[in-house]
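Structure file coords33.csv; described as CSV, C-alpha atoms and all ligand atoms.
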chain,number,residue,atom,x,y,z
A,1,MET,CA,16.9,-14.5,32.4
A,2,PRO,CA,17.3,-11.0,30.8
A,3,ASP,CA,20.2,-8.9,32.0
A,4,LYS,CA,19.5,-6.7,35.0
A,5,PRO,CA,19.3,-3.0,34.1
A,6,ARG,CA,22.5,-1.1,34.8
A,7,LEU,CA,22.1,1.5,37.5
A,8,LEU,CA,24.4,4.2,38.8
A,9,ILE,CA,23.9,5.2,42.4
A,10,THR,CA,25.7,8.5,42.8
A,11,ARG,CA,26.0,8.7,46.6
A,12,LYS,CA,26.2,6.4,49.6
A,13,LEU,CA,22.7,5.1,50.5
A,14,THR,CA,21.8,2.8,53.4
A,15,ASP,CA,22.9,-0.8,53.4
A,16,ALA,CA,19.3,-2.0,53.2
A,17,VAL,CA,18.7,0.1,50.1
A,18,LEU,CA,22.0,-0.9,48.5
A,19,MET,CA,21.2,-4.5,49.1
A,20,ARG,CA,17.8,-4.3,47.4
A,21,ALA,CA,19.3,-2.3,44.6
A,22,ALA,CA,22.0,-4.9,44.0
A,23,ARG,CA,19.5,-7.7,44.0
A,24,ASP,CA,17.5,-6.2,41.1
A,25,TYR,CA,20.0,-4.1,39.2
A,26,ASP,CA,23.6,-4.2,38.0
A,27,VAL,CA,24.7,-1.5,40.3
A,28,THR,CA,27.7,0.9,40.1
A,29,VAL,CA,28.1,2.7,43.4
A,30,ASN,CA,30.2,5.7,44.4
A,31,ALA,CA,32.5,3.9,46.8
A,32,ASP,CA,34.0,7.0,48.6
A,33,ASP,CA,30.8,9.1,48.4
A,34,HIS,CA,32.4,12.1,46.8
A,35,VAL,CA,30.4,14.6,44.8
A,36,PHE,CA,30.9,13.9,41.1
A,37,ALA,CA,32.2,16.8,39.1
A,38,THR,CA,30.1,17.5,36.0
A,39,ASP,CA,32.5,15.6,33.6
A,40,GLU,CA,32.7,12.7,36.0
A,41,LEU,CA,28.9,12.5,36.3
A,42,ILE,CA,28.5,12.5,32.5
A,43,ALA,CA,31.3,9.8,32.2
A,44,LYS,CA,29.7,7.6,34.9
A,45,CYS,CA,26.4,7.8,33.2
A,46,GLN,CA,27.6,6.6,29.8
A,47,ASP,CA,27.1,2.9,30.2
A,48,VAL,CA,24.0,2.8,32.5
A,49,ASP,CA,20.3,2.5,31.9
A,50,ALA,CA,19.3,4.5,34.9
A,51,VAL,CA,20.7,6.8,37.5
A,52,LEU,CA,19.7,7.3,41.1
A,53,PRO,CA,21.1,10.6,42.2
A,54,CYS,CA,20.6,13.0,45.1
A,55,HIS,CA,20.1,16.7,45.1
A,56,SER,CA,23.9,17.1,45.0
A,57,GLU,CA,24.1,16.0,41.3
A,58,HIS,CA,23.1,18.6,38.8
A,59,PHE,CA,21.4,17.5,35.7
A,60,SER,CA,21.5,20.7,33.7
A,61,ALA,CA,20.3,20.9,30.1
A,62,ASP,CA,24.0,20.5,29.1
A,63,VAL,CA,24.4,17.3,31.2
A,64,ILE,CA,21.2,15.9,29.9
A,65,SER,CA,22.2,16.5,26.3
A,66,ALA,CA,25.4,14.5,27.0
A,67,LEU,CA,23.6,11.5,28.4
A,68,PRO,CA,23.6,8.3,26.3
A,69,LYS,CA,20.5,7.2,24.6
A,70,ARG,CA,20.3,4.1,26.7
A,71,LEU,CA,19.9,6.1,29.9
A,72,LYS,CA,16.1,6.2,30.3
A,73,ILE,CA,15.3,7.3,33.8
A,74,ILE,CA,16.7,9.6,36.6
A,75,ALA,CA,15.1,8.3,39.8
A,76,ASN,CA,15.9,11.0,42.3
A,77,HIS,CA,16.6,10.3,46.0
A,78,SER,CA,14.9,13.6,46.9
A,79,VAL,CA,11.5,15.3,46.8
A,80,GLY,CA,13.1,18.5,45.4
A,81,VAL,CA,13.9,18.3,41.7
A,82,ASP,CA,15.4,21.8,41.2
A,83,HIS,CA,18.8,20.1,40.4
A,84,VAL,CA,17.3,18.6,37.3
A,85,ASP,CA,16.3,20.5,34.2
A,86,LEU,CA,12.8,18.9,33.8
A,87,VAL,CA,12.1,20.5,30.4
A,88,ALA,CA,15.4,19.3,29.0
A,89,ALA,CA,14.7,15.8,30.4
A,90,LYS,CA,11.3,15.7,28.9
A,91,ASP,CA,12.6,16.9,25.5
A,92,ALA,CA,15.3,14.2,25.7
A,93,GLY,CA,12.7,11.5,26.6
A,94,VAL,CA,14.3,10.9,30.0
A,95,VAL,CA,11.8,10.0,32.7
A,96,VAL,CA,12.4,11.8,36.1
A,97,THR,CA,10.9,10.7,39.4
A,98,ASN,CA,11.2,12.0,43.0
A,99,THR,CA,10.5,10.7,46.5
A,100,PRO,CA,7.5,12.7,48.0
A,101,ASP,CA,5.7,11.8,51.2
A,102,VAL,CA,8.3,9.6,52.9
A,103,LEU,CA,10.4,12.6,54.1
A,104,SER,CA,7.5,14.9,55.2
A,105,ASP,CA,7.6,13.9,58.9
A,106,ALA,CA,11.4,14.1,59.1
A,107,THR,CA,11.6,17.5,57.4
A,108,ALA,CA,8.7,18.8,59.5
A,109,GLU,CA,10.6,17.7,62.6
A,110,ILE,CA,13.6,19.7,61.5
A,111,ALA,CA,11.4,22.7,60.9
A,112,MET,CA,10.3,22.5,64.5
A,113,LEU,CA,13.9,22.1,65.7
A,114,CYS,CA,14.9,25.2,63.6
A,115,MET,CA,11.9,27.1,64.9
A,116,LEU,CA,12.5,26.3,68.6
A,117,GLY,CA,16.3,26.5,68.3
A,118,ALA,CA,15.9,30.0,66.9
A,119,ALA,CA,13.1,31.2,69.2
A,120,ARG,CA,14.7,29.8,72.4
A,121,ARG,CA,18.3,30.6,71.4
A,122,GLY,CA,19.4,27.0,71.3
A,123,ALA,CA,22.6,27.4,69.4
A,124,GLU,CA,23.7,30.4,71.6
A,125,GLY,CA,23.2,28.5,74.8
A,126,ASP,CA,24.9,25.3,73.5
A,127,ALA,CA,27.9,27.3,72.3
A,128,MET,CA,28.2,29.1,75.6
A,129,ILE,CA,28.4,25.9,77.7
A,130,ARG,CA,30.8,24.2,75.3
A,131,ALA,CA,33.1,27.2,75.4
A,132,GLY,CA,33.1,27.1,79.2
A,133,LYS,CA,31.5,30.5,79.3
A,134,TRP,CA,28.4,29.8,81.3
A,135,ASP,CA,29.3,31.7,84.4
A,136,PHE,CA,26.1,33.7,85.1
A,137,TRP,CA,22.4,33.1,85.5
A,138,SER,CA,19.5,35.6,86.1
A,139,PRO,CA,15.8,35.8,85.2
A,140,ALA,CA,16.9,38.2,82.5
A,141,PHE,CA,19.4,35.8,81.0
A,142,MET,CA,19.0,34.2,77.5
A,143,VAL,CA,15.4,35.3,77.2
A,144,GLY,CA,13.9,34.1,74.0
A,145,ARG,CA,10.4,34.2,72.4
A,146,GLN,CA,7.7,31.7,73.2
A,147,VAL,CA,6.0,30.2,70.2
A,148,THR,CA,2.8,29.1,72.0
A,149,GLY,CA,-0.2,31.2,70.8
A,150,LYS,CA,1.8,32.8,68.0
A,151,ARG,CA,1.0,32.6,64.3
A,152,PHE,CA,2.9,30.0,62.3
A,153,GLY,CA,3.0,31.0,58.6
A,154,VAL,CA,3.4,28.3,56.0
A,155,LEU,CA,4.7,29.3,52.6
A,156,GLY,CA,3.8,26.3,50.4
A,157,MET,CA,1.1,24.1,51.9
A,158,GLY,CA,2.2,20.9,50.2
A,159,ARG,CA,3.0,17.6,51.9
A,160,VAL,CA,5.8,18.9,54.2
A,161,GLY,CA,4.0,22.2,54.8
A,162,GLN,CA,0.9,20.3,56.0
A,163,VAL,CA,2.9,18.2,58.5
A,164,ALA,CA,4.8,21.2,59.7
A,165,ALA,CA,1.5,22.9,60.3
A,166,GLU,CA,0.2,19.9,62.3
A,167,ARG,CA,3.3,19.9,64.4
A,168,ALA,CA,3.1,23.7,65.0
A,169,ARG,CA,-0.5,23.2,66.1
A,170,GLY,CA,0.9,20.8,68.7
A,171,PHE,CA,2.8,23.8,70.1
A,172,GLY,CA,-0.4,25.8,70.4
A,173,MET,CA,0.3,27.9,67.3
A,174,ILE,CA,-2.3,29.3,64.9
A,175,VAL,CA,-1.6,28.3,61.3
A,176,HIS,CA,-1.8,30.7,58.4
A,177,TYR,CA,-0.7,29.7,54.9
A,178,HIS,CA,-0.2,30.8,51.3
A,179,ASN,CA,-0.4,28.3,48.5
A,180,ARG,CA,-1.1,28.7,44.8
A,181,LYS,CA,-4.5,27.2,45.6
A,182,PRO,CA,-6.3,26.7,48.9
A,183,VAL,CA,-5.9,23.1,50.1
A,184,PRO,CA,-9.1,21.1,51.0
A,185,GLU,CA,-10.3,21.7,54.5
A,186,HIS,CA,-9.6,18.2,55.7
A,187,LEU,CA,-5.9,19.0,54.9
A,188,ALA,CA,-6.0,22.7,55.9
A,189,LYS,CA,-7.6,21.8,59.3
A,190,GLY,CA,-8.7,25.3,60.0
A,191,ALA,CA,-5.5,27.0,58.8
A,192,VAL,CA,-6.1,30.5,57.5
A,193,PHE,CA,-5.6,30.8,53.8
A,194,HIS,CA,-4.0,34.0,52.3
A,195,ASP,CA,-4.2,34.4,48.5
A,196,THR,CA,-1.1,36.6,48.5
A,197,VAL,CA,2.4,36.2,49.8
A,198,GLU,CA,2.0,39.7,51.3
A,199,GLY,CA,-1.1,38.6,53.3
A,200,LEU,CA,0.7,35.6,54.7
A,201,PHE,CA,3.9,37.5,55.6
A,202,ALA,CA,1.9,40.2,57.5
A,203,ASN,CA,0.3,37.4,59.6
A,204,SER,CA,3.4,35.3,60.4
A,205,ASP,CA,5.2,35.5,63.7
A,206,VAL,CA,7.1,32.5,62.5
A,207,LEU,CA,7.4,32.1,58.7
A,208,SER,CA,8.3,28.6,57.6
A,209,LEU,CA,9.3,28.0,54.0
A,210,HIS,CA,8.0,24.8,52.3
A,211,CYS,CA,7.7,25.7,48.7
A,212,PRO,CA,9.8,24.3,45.8
A,213,ALA,CA,12.7,26.3,44.4
A,214,THR,CA,11.5,27.6,41.0
A,215,PRO,CA,12.4,30.7,39.0
A,216,GLN,CA,9.2,32.3,40.6
A,217,THR,CA,10.3,31.5,44.2
A,218,THR,CA,14.0,32.3,44.0
A,219,GLY,CA,14.7,35.2,46.4
A,220,ILE,CA,11.1,35.3,47.6
A,221,ILE,CA,12.5,36.2,51.0
A,222,ASN,CA,14.2,39.6,50.3
A,223,LYS,CA,14.5,43.1,51.7
A,224,ASP,CA,10.9,44.1,50.5
A,225,THR,CA,9.2,40.9,51.7
A,226,ILE,CA,11.0,40.8,55.0
A,227,ALA,CA,9.7,44.3,55.6
A,228,LEU,CA,6.2,42.9,55.5
A,229,LEU,CA,6.8,40.5,58.4
A,230,PRO,CA,5.8,41.6,61.9
A,231,ASP,CA,8.7,43.1,63.8
A,232,ARG,CA,10.8,40.5,65.6
A,233,ALA,CA,9.4,37.6,63.5
A,234,ILE,CA,11.3,34.4,63.1
A,235,LEU,CA,12.2,32.8,59.7
A,236,VAL,CA,12.5,29.1,59.3
A,237,ASN,CA,13.9,27.6,56.1
A,238,THR,CA,14.1,23.8,55.6
A,239,ALA,CA,13.3,24.0,51.8
A,240,ARG,CA,16.0,25.4,49.6
A,241,GLY,CA,18.6,28.1,50.3
A,242,ASN,CA,18.0,30.1,47.1
A,243,LEU,CA,14.5,31.0,48.3
A,244,VAL,CA,16.3,33.6,50.5
A,245,ASP,CA,18.3,36.6,49.6
A,246,GLU,CA,20.9,35.8,52.3
A,247,ALA,CA,22.4,39.4,52.4
A,248,ALA,CA,18.9,40.8,53.1
A,249,LEU,CA,18.3,38.2,55.7
A,250,ALA,CA,21.7,39.0,57.4
A,251,ASP,CA,20.7,42.7,57.4
A,252,ALA,CA,17.4,42.0,59.0
A,253,LEU,CA,18.9,39.7,61.7
A,254,GLU,CA,21.6,42.4,62.4
A,255,SER,CA,19.1,45.2,62.6
A,256,GLY,CA,16.7,43.3,64.9
A,257,LYS,CA,13.9,43.5,62.3
A,258,LEU,CA,13.9,39.7,62.6
A,259,PHE,CA,14.3,38.1,66.1
A,260,ALA,CA,16.1,35.1,64.7
A,261,ALA,CA,16.3,32.5,61.9
A,262,GLY,CA,16.5,28.7,61.9
A,263,LEU,CA,18.1,27.5,58.7
A,264,ASP,CA,18.8,24.0,57.4
A,265,VAL,CA,19.5,25.1,53.9
A,266,PHE,CA,21.8,27.7,52.2
A,267,CYS,CA,22.6,29.1,48.8
A,268,ASP,CA,26.0,27.5,49.0
A,269,GLU,CA,26.1,23.9,50.1
A,270,PRO,CA,28.1,22.5,51.7
A,271,GLY,CA,29.5,25.5,53.4
A,272,GLY,CA,26.7,28.0,54.2
A,273,ASN,CA,26.9,31.8,54.5
A,274,GLN,CA,29.8,33.3,56.5
A,275,ARG,CA,27.9,36.4,57.4
A,276,ILE,CA,24.9,34.5,58.7
A,277,SER,CA,27.1,32.0,60.6
A,278,ALA,CA,28.8,34.9,62.4
A,279,LEU,CA,25.5,36.0,64.0
A,280,LYS,CA,24.2,34.9,67.4
A,281,ASN,CA,20.5,34.9,66.6
A,282,VAL,CA,20.6,32.0,64.2
A,283,PHE,CA,20.1,28.3,64.6
A,284,LEU,CA,21.9,26.5,61.8
A,285,LEU,CA,21.9,22.9,60.5
A,286,PRO,CA,23.7,21.3,57.5
A,287,HIS,CA,20.8,20.3,55.3
A,288,ILE,CA,19.7,17.3,57.3
A,289,GLY,CA,15.9,17.7,57.0
A,290,SER,CA,15.4,14.2,55.8
A,291,ALA,CA,18.4,12.7,57.5
A,292,THR,CA,16.9,10.0,59.7
A,293,GLU,CA,17.5,6.3,59.5
A,294,GLU,CA,13.9,5.6,58.8
A,295,THR,CA,13.6,8.2,56.1
A,296,ARG,CA,16.8,7.4,54.3
A,297,ASP,CA,15.6,3.8,53.9
A,298,ALA,CA,12.2,5.0,52.8
A,299,MET,CA,13.6,7.4,50.3
A,300,GLY,CA,15.9,4.8,48.8
A,301,TYR,CA,13.0,2.2,48.6
A,302,ARG,CA,10.8,4.8,47.0
A,303,ALA,CA,13.4,5.6,44.4
A,304,LEU,CA,13.8,1.9,43.7
A,305,ASP,CA,10.0,1.5,43.5
A,306,ASN,CA,10.0,4.1,40.7
A,307,LEU,CA,12.8,2.3,38.9
A,308,ASP,CA,11.1,-1.1,39.3
A,309,ALA,CA,7.9,0.3,37.8
A,310,TYR,CA,9.7,1.8,34.9
A,311,PHE,CA,11.7,-1.3,34.1
A,312,LYS,CA,8.5,-3.5,34.4
A,313,GLY,CA,6.8,-1.3,31.9
A,314,ARG,CA,4.5,0.5,34.3
A,315,GLU,CA,4.2,4.2,35.0
A,316,PRO,CA,6.4,5.2,37.9
A,317,GLY,CA,4.3,6.5,40.8
A,318,ASP,CA,6.3,9.6,41.3
A,319,ARG,CA,7.0,10.7,37.8
A,320,VAL,CA,7.7,14.5,37.5
A,321,ALA,CA,8.9,14.5,33.9
B,401,LIG,C1,18.0,15.5,50.9
B,401,LIG,C2,16.2,17.1,50.0
B,401,LIG,O1,18.9,16.4,51.2
B,401,LIG,O2,14.5,15.7,49.3
B,401,LIG,C3,15.0,16.8,49.1
B,401,LIG,O3,14.7,17.6,48.3
B,401,LIG,O4,16.7,18.2,49.9
B,401,LIG,C4,16.7,16.1,51.0
B,401,LIG,O5,15.8,15.2,51.3
B,401,LIG,C5,18.6,14.8,49.8
B,401,LIG,O6,18.2,15.0,48.5
B,401,LIG,C6,18.8,13.3,50.1
B,401,LIG,O7,19.3,12.6,49.1
Write the structure described by the file as structure tokens, please.
Ligand code: 8YV
Amino acid sequence: MPDKPRLLITRKLTDAVLMRAARDYDVTVNADDHVFATDELIAKCQDVDAVLPCHSEHFSADVISALPKRLKIIANHSVGVDHVDLVAAKDAGVVVTNTPDVLSDATAEIAMLCMLGAARRGAEGDAMIRAGKWDFWSPAFMVGRQVTGKRFGVLGMGRVGQVAAERARGFGMIVHYHNRKPVPEHLAKGAVFHDTVEGLFANSDVLSLHCPATPQTTGIINKDTIALLPDRAILVNTARGNLVDEAALADALESGKLFAAGLDVFCDEPGGNQRISALKNVFLLPHIGSATEETRDAMGYRALDNLDAYFKGREPGDRVA
């Protein structure tokens, strides 16, 4: 029997995924689940044929140029691939895959949690009770904004955006979206297409970000684009932190231009943004969009499916480079 391919798994995955990986690969795991520093990542990659990383490992052009010739595939445990320099990988002949579809439901759920938490002041209420400071009630107390009947703006009508739109419809919202191209009607389901970002922003009482992080989308939420949103709109970000100029967002939340924001992702992770964390009108989560038992298993299996295809000489289903 030929030797099993050698596989580096950079972070702690579910037992079921690790068991399947160990059955089919000669696996090196990251026993204490720390984030590899760049040098350590390069060193760990030296004697493997494949790596299964998360978005926490950065494969820059420099890292990719330091990978050994034997390392043939980076099978990501993420749908986002902004942590991998795809051009450098392609040039180096390293295959890159991701895990689309399997996290769309979980991430759309978190978008709804962020939307409702922001609109209905979920974090503020929770903090008040935990601090033993709930000593008053009146009809004027903790009044939020209702989402029913409001416009739900989707920036990026891909897989996650489509599921988020579906869930928002369940709350009686009217979906608007911007995408590079309109999506077919059986996927748009009546959502109103805007061919410009400006058009979408002007029509979003809640704006939910579902686009990939690229040089074109970095800072797409900034002082100028926030000004286009209706007054007292709500921003939801479950995609990537760097889509947002966080200083401009903090200004808009402080001034009342925005009613609130629900954020699962930040420019600096882990950690977040101190200025935003100090505000009351935010609902914050620590990048847990895909963190459900079901989805973690499914993401791991999907990454392994891609590896299996590659090592069996087939084209991996989710190849992105
Ligand atoms: C995870 C993600 O945080 O898929 C993505 O792009 O950001 C998330 O699902 C992560 O990469 C899980 O490993």
Can you tell me which residues surround Glu246 of chain A at a distance of at most 9 Å, considering all atoms listed in the file, apart from same-chain residues fewer than 4 positions away, and format the answer as a PyMOL selection string? chain A and resi 219+221-222+241-242+250-251+266-267+273+275-276
Chain A near ligand LIG 401 (chain B) within 6 Å: what's each residue's closest atom pair and its distance in Å to one decimal, counting all atoms listed in the file, ordered by chain then ascending residue number, as a Markdown table?
| residue | atom | partner | partner_atom | distance |
| --- | --- | --- | --- | --- |
| A:Cys54 | CA | B:LIG401 | O7 | 4.2 |
| A:His55 | CA | B:LIG401 | O6 | 4.2 |
| A:His77 | CA | B:LIG401 | O7 | 4.7 |
| A:Ser78 | CA | B:LIG401 | O2 | 3.2 |
| A:Val79 | CA | B:LIG401 | O2 | 3.9 |
| A:Gly80 | CA | B:LIG401 | O3 | 3.4 |
| A:His287 | CA | B:LIG401 | O1 | 6.0 |
| A:Ser290 | CA | B:LIG401 | O5 | 4.6 |
Which residues are close to Ala191 of chain A, i.e. within 7 Å by all atoms listed in the file, leaving aside same-chain residues fewer than 2 positions away? Reply as number ranges by chain. A: 175-177, 188-189, 193
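When only C-alpha atoms are used to compute distances to Leu116 of chain A, the closest of the residues A:Ala37, A:Ala252, A:Ala50, A:Val147 turns out to be A:Val147.
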Which residue out of A:Ser60, A:Thr214, A:Ser204, A:Gln162 has the minimum interatomic distance to Pro182 of chain A when all atoms listed in the file are used? A:Gln162
Within 7 Å of segment 150-161 of chain A: each segment 46-138 of chain A residue with its shortest pair, only C-alpha atoms, as JSON lines:
{"residue": "A:Asp101", "atom": "CA", "partner": "A:Arg159", "partner_atom": "CA", "distance": 6.4}
{"residue": "A:Ser104", "atom": "CA", "partner": "A:Val160", "partner_atom": "CA", "distance": 4.5}
{"residue": "A:Thr107", "atom": "CA", "partner": "A:Val160", "partner_atom": "CA", "distance": 6.8}
{"residue": "A:Ala108", "atom": "CA", "partner": "A:Val160", "partner_atom": "CA", "distance": 6.0}
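The shortest atom-to-atom distance to Leu71 of chain A, with only C-alpha atoms taken into account, belongs to A:Val94 out of A:Ala303, A:Ala43, A:Val94, A:Ala239.
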From A:Ala298, A:Pro184, A:Asp85, A:Arg240, residue lying nearest Gly272 of chain A [only C-alpha atoms]: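 So, comparing all the options, the nearest one is A:Arg240.
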At a cut-off of 6 Å, using all atoms listed in the file, what residues contact segment 8-13 of chain A? Leave out same-chain residues fewer than 3 positions from it and give the result as a list in words.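 Surrounding residues, per the criterion: Val27, Thr28, Val29, Asn30, Asp33, Val51, Leu52 and Pro53 of chain A.
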Interatomic distance between atom CA of Asn203 of chain A and atom CA of Leu258 of chain A?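 Computing the Euclidean distance for atom CA of Asn203 of chain A and atom CA of Leu258 of chain A yields 14.1 Å.
Non-sequential neighbours of Gly149 of chain A (distance at most 10 Å, separation of 2 or more positions within a chain, only C-alpha atoms) are Gln146, Val147, Arg151, Phe152, Arg169, Phe171, Gly172, Met173, Ile174 and Asp205 of chain A.
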Taking into account only C-alpha atoms, which residue in the set A:Pro68, A:Arg23, A:Leu285, A:Phe259 is nearest to Gly271 of chain A? A:Leu285
From the set A:Val35, A:Leu304, A:Val192, A:Ala278, which residue has the shortest atom-to-atom contact distance to Ala22 of chain A, counting all atoms listed in the file? A:Leu304
Expressed in Å to a single decimal, how great is the separation between atom CA of Lys181 of chain A and atom CA of Leu200 of chain A?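 Atom CA of Leu200 of chain A lies at a distance of 13.4 Å from atom CA of Lys181 of chain A.
Distance-wise, atom CA of Ala309 of chain A and atom CA of Thr14 of chain A end up 21.0 Å apart.
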Anything within 10 Å of (11.5, 19.9, 60.5): list those residues as a PyMOL selection string, counting all atoms listed in the file and sticking to the file's coordinates. chain A and resi 103-115+160-161+163-164+167+208+236-239+264+288-290
